[in-house]
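**Student:** Can you read through this structure? Questions will come right after.
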Amino acid sequence: MLAVKGIYDGSTVQLLEQIDLKKTYYVAVTFLEPFHRKDLDERKRKLLSLCGSWKDNRSPEEIIRDIHKSRKDSDRLENGL
């Protein structure tokens, strides 16, 4: 089962996420709560406030190299979950 959010405008449902399904599916539509434009605007504002919050002078390659170097081998899942 796959769940995606969307908005119903009184006649159609607009998905808020891109999905890549090639077959025909049955769907279950659940109406959660009324949509208010200000709610979406607030979410956008919060997301945009994070833009540029990561300050680092290293190149992407240096950051990736540092991430890989900091990883530690673990045998915690050696036998599965």
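Chain labels follow the order of the structure tokens: the first chain is A, the next B, and so on; residue numbering restarts at 1 in every chain, and ligands are counted from 1 in their shown order.
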So which residues touch Phe35 in chain A within 12 Å, counting only C-alpha atoms, skipping near sequence neighbours fewer than 5 positions away, as a PyMOL selection string?
**Tutor:** chain A and resi 5-10+40-41
**Student:** With all heavy atoms kept, could you save the residues just selected as an mmCIF file, in the first residue's frame?
**Tutor:**
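Writing the result to part37.cif gives the following:
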```cif
data_model
loop_
_atom_site.group_PDB
_atom_site.id
_atom_site.type_symbol
_atom_site.label_atom_id
_atom_site.label_comp_id
_atom_site.auth_asym_id
_atom_site.auth_seq_id
_atom_site.Cartn_x
_atom_site.Cartn_y
_atom_site.Cartn_z
ATOM 1 N N LYS A 5 -0.206 12.330 0.070
ATOM 2 C CA LYS A 5 -1.095 13.425 0.435
ATOM 3 C C LYS A 5 -1.599 14.124 -0.816
ATOM 4 O O LYS A 5 -0.943 14.121 -1.854
ATOM 5 C CB LYS A 5 -0.368 14.417 1.336
ATOM 6 C CG LYS A 5 -0.056 13.843 2.697
ATOM 7 C CD LYS A 5 0.573 14.886 3.586
ATOM 8 C CE LYS A 5 0.834 14.299 4.963
ATOM 9 N NZ LYS A 5 1.408 15.296 5.870
ATOM 10 N N GLY A 6 -2.755 14.724 -0.706
ATOM 11 C CA GLY A 6 -3.336 15.458 -1.810
ATOM 12 C C GLY A 6 -4.346 16.465 -1.289
ATOM 13 O O GLY A 6 -4.618 16.536 -0.098
ATOM 14 N N ILE A 7 -4.885 17.246 -2.208
ATOM 15 C CA ILE A 7 -5.891 18.248 -1.870
ATOM 16 C C ILE A 7 -7.097 18.036 -2.775
ATOM 17 O O ILE A 7 -6.957 17.908 -3.986
ATOM 18 C CB ILE A 7 -5.333 19.672 -2.060
ATOM 19 C CG1 ILE A 7 -4.159 19.916 -1.109
ATOM 20 C CG2 ILE A 7 -6.420 20.719 -1.836
ATOM 21 C CD1 ILE A 7 -3.443 21.220 -1.349
ATOM 22 N N TYR A 8 -8.273 17.993 -2.169
ATOM 23 C CA TYR A 8 -9.528 17.870 -2.901
ATOM 24 C C TYR A 8 -10.166 19.252 -2.970
ATOM 25 O O TYR A 8 -10.367 19.906 -1.951
ATOM 26 C CB TYR A 8 -10.453 16.888 -2.185
ATOM 27 C CG TYR A 8 -11.817 16.751 -2.807
ATOM 28 C CD1 TYR A 8 -11.965 16.152 -4.046
ATOM 29 C CD2 TYR A 8 -12.944 17.220 -2.162
ATOM 30 C CE1 TYR A 8 -13.215 16.017 -4.619
ATOM 31 C CE2 TYR A 8 -14.197 17.094 -2.724
ATOM 32 C CZ TYR A 8 -14.320 16.491 -3.955
ATOM 33 O OH TYR A 8 -15.565 16.359 -4.523
ATOM 34 N N ASP A 9 -10.470 19.735 -4.174
ATOM 35 C CA ASP A 9 -10.996 21.094 -4.348
ATOM 36 C C ASP A 9 -12.509 21.141 -4.564
ATOM 37 O O ASP A 9 -13.052 22.154 -4.962
ATOM 38 C CB ASP A 9 -10.280 21.800 -5.487
ATOM 39 C CG ASP A 9 -10.553 21.161 -6.842
ATOM 40 O OD1 ASP A 9 -11.401 20.234 -6.935
ATOM 41 O OD2 ASP A 9 -9.926 21.580 -7.825
ATOM 42 N N GLY A 10 -13.172 20.043 -4.314
ATOM 43 C CA GLY A 10 -14.616 19.999 -4.511
ATOM 44 C C GLY A 10 -14.994 19.174 -5.724
ATOM 45 O O GLY A 10 -16.133 18.749 -5.853
ATOM 46 N N LEU A 40 -0.687 25.813 4.221
ATOM 47 C CA LEU A 40 0.333 25.534 3.216
ATOM 48 C C LEU A 40 1.377 26.639 3.212
ATOM 49 O O LEU A 40 2.576 26.377 3.147
ATOM 50 C CB LEU A 40 -0.308 25.399 1.827
ATOM 51 C CG LEU A 40 0.626 25.026 0.687
ATOM 52 C CD1 LEU A 40 1.346 23.702 0.972
ATOM 53 C CD2 LEU A 40 -0.137 24.928 -0.618
ATOM 54 N N ASP A 41 0.939 27.890 3.308
ATOM 55 C CA ASP A 41 1.874 29.005 3.332
ATOM 56 C C ASP A 41 2.807 28.915 4.529
ATOM 57 O O ASP A 41 3.998 29.195 4.421
ATOM 58 C CB ASP A 41 1.128 30.339 3.339
ATOM 59 C CG ASP A 41 0.375 30.590 2.036
ATOM 60 O OD1 ASP A 41 0.721 29.945 1.028
ATOM 61 O OD2 ASP A 41 -0.551 31.409 2.036
#
```
**Student:** Enumerate as a list in words all residues of chain A assigned to strand (DSSP E or B) by DSSP on the backbone, naming them with the chain letters and numbers the document uses.
**Tutor:** Gly6, Ile7, Tyr8, Val13, Gln14 and Leu15 of chain A
**Student:** One number please: CA of Asp73 in chain A to CA of Glu61 in chain A, in Å, one decimal.
**Tutor:**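 Computing the Euclidean distance for CA of Asp73 in chain A and CA of Glu61 in chain A yields 21.5 Å.
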**Student:** To one decimal place in Å, what is the distance between CA of His36 in chain A and CA of Thr12 in chain A?
**Tutor:**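 Interatomic distance, CA of His36 in chain A to CA of Thr12 in chain A: 16.5 Å.
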**Student:** Among chain A, which residues does DSSP mark as helix (DSSP H, G or I) when it is run on the backbone? Keep the chain and numbering as in the structure and answer as a PyMOL selection string.
**Tutor:** chain A and resi 37-50+60-70
**Student:** Could you write out the selected residues, including N, CA, C and O atoms, as a CSV table (one decimal), in the first residue's frame?
**Tutor:**
```csv
chain,number,residue,atom,x,y,z
A,37,ARG,N,-5.4,27.6,3.0
A,37,ARG,CA,-4.3,28.1,2.3
A,37,ARG,C,-3.2,28.5,3.2
A,37,ARG,O,-2.0,28.3,3.0
A,38,LYS,N,-3.5,29.2,4.4
A,38,LYS,CA,-2.5,29.7,5.3
A,38,LYS,C,-1.7,28.5,5.9
A,38,LYS,O,-0.5,28.7,6.2
A,39,ASP,N,-2.3,27.3,6.0
A,39,ASP,CA,-1.5,26.1,6.5
A,39,ASP,C,-0.4,25.8,5.5
A,39,ASP,O,0.7,25.6,5.9
A,40,LEU,N,-0.7,25.8,4.2
A,40,LEU,CA,0.3,25.5,3.2
A,40,LEU,C,1.4,26.6,3.2
A,40,LEU,O,2.6,26.4,3.1
A,41,ASP,N,0.9,27.9,3.3
A,41,ASP,CA,1.9,29.0,3.3
A,41,ASP,C,2.8,28.9,4.5
A,41,ASP,O,4.0,29.2,4.4
A,42,GLU,N,2.3,28.5,5.7
A,42,GLU,CA,3.1,28.4,6.9
A,42,GLU,C,4.2,27.3,6.7
A,42,GLU,O,5.3,27.4,7.1
A,43,ARG,N,3.8,26.1,6.1
A,43,ARG,CA,4.7,25.1,5.8
A,43,ARG,C,5.8,25.5,4.9
A,43,ARG,O,6.9,25.2,5.0
A,44,LYS,N,5.4,26.2,3.8
A,44,LYS,CA,6.4,26.7,2.9
A,44,LYS,C,7.4,27.7,3.6
A,44,LYS,O,8.6,27.6,3.4
A,45,ARG,N,6.8,28.5,4.5
A,45,ARG,CA,7.7,29.5,5.2
A,45,ARG,C,8.7,28.8,6.0
A,45,ARG,O,9.9,29.1,6.0
A,46,LYS,N,8.2,27.7,6.7
A,46,LYS,CA,9.1,26.9,7.6
A,46,LYS,C,10.2,26.2,6.8
A,46,LYS,O,11.4,26.2,7.1
A,47,LEU,N,9.8,25.7,5.6
A,47,LEU,CA,10.8,25.0,4.8
A,47,LEU,C,11.8,26.0,4.2
A,47,LEU,O,13.0,25.7,4.2
A,48,LEU,N,11.3,27.1,3.7
A,48,LEU,CA,12.2,28.1,3.1
A,48,LEU,C,13.1,28.7,4.2
A,48,LEU,O,14.2,29.1,3.9
A,49,SER,N,12.7,28.7,5.4
A,49,SER,CA,13.6,29.3,6.5
A,49,SER,C,14.8,28.4,6.7
A,49,SER,O,15.8,28.9,7.2
A,50,LEU,N,14.7,27.1,6.3
A,50,LEU,CA,15.9,26.2,6.4
A,50,LEU,C,16.9,26.4,5.3
A,50,LEU,O,18.0,26.0,5.4
A,60,PRO,N,31.5,19.7,-1.9
A,60,PRO,CA,30.7,18.5,-1.7
A,60,PRO,C,31.5,17.2,-1.6
A,60,PRO,O,31.2,16.4,-0.8
A,61,GLU,N,32.6,17.2,-2.4
A,61,GLU,CA,33.4,16.0,-2.4
A,61,GLU,C,34.1,15.8,-1.1
A,61,GLU,O,34.2,14.7,-0.5
A,62,GLU,N,34.6,16.9,-0.5
A,62,GLU,CA,35.2,16.8,0.8
A,62,GLU,C,34.2,16.4,1.9
A,62,GLU,O,34.6,15.6,2.8
A,63,ILE,N,33.0,16.9,1.8
A,63,ILE,CA,32.0,16.6,2.8
A,63,ILE,C,31.7,15.1,2.7
A,63,ILE,O,31.6,14.4,3.7
A,64,ILE,N,31.5,14.6,1.5
A,64,ILE,CA,31.2,13.2,1.3
A,64,ILE,C,32.4,12.3,1.8
A,64,ILE,O,32.2,11.3,2.5
A,65,ARG,N,33.6,12.7,1.5
A,65,ARG,CA,34.8,12.0,2.0
A,65,ARG,C,34.8,11.9,3.5
A,65,ARG,O,35.0,10.9,4.1
A,66,ASP,N,34.5,13.1,4.2
A,66,ASP,CA,34.5,13.1,5.6
A,66,ASP,C,33.4,12.2,6.2
A,66,ASP,O,33.6,11.6,7.3
A,67,ILE,N,32.2,12.2,5.6
A,67,ILE,CA,31.1,11.3,6.0
A,67,ILE,C,31.5,9.9,5.9
A,67,ILE,O,31.3,9.1,6.9
A,68,HIS,N,32.1,9.5,4.8
A,68,HIS,CA,32.6,8.1,4.7
A,68,HIS,C,33.6,7.7,5.7
A,68,HIS,O,33.6,6.6,6.3
A,69,LYS,N,34.6,8.7,6.0
A,69,LYS,CA,35.6,8.4,6.9
A,69,LYS,C,35.1,8.2,8.4
A,69,LYS,O,35.6,7.5,9.2
A,70,SER,N,34.0,8.9,8.7
A,70,SER,CA,33.4,8.9,10.0
A,70,SER,C,32.6,7.7,10.3
A,70,SER,O,32.2,7.4,11.4
```
**Student:** Between CA of Leu32 in chain A and CA of Gln18 in chain A, what distance in Å does the model show, to one decimal?
**Tutor:**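 Computing it gives 19.9 Å between the two atoms.
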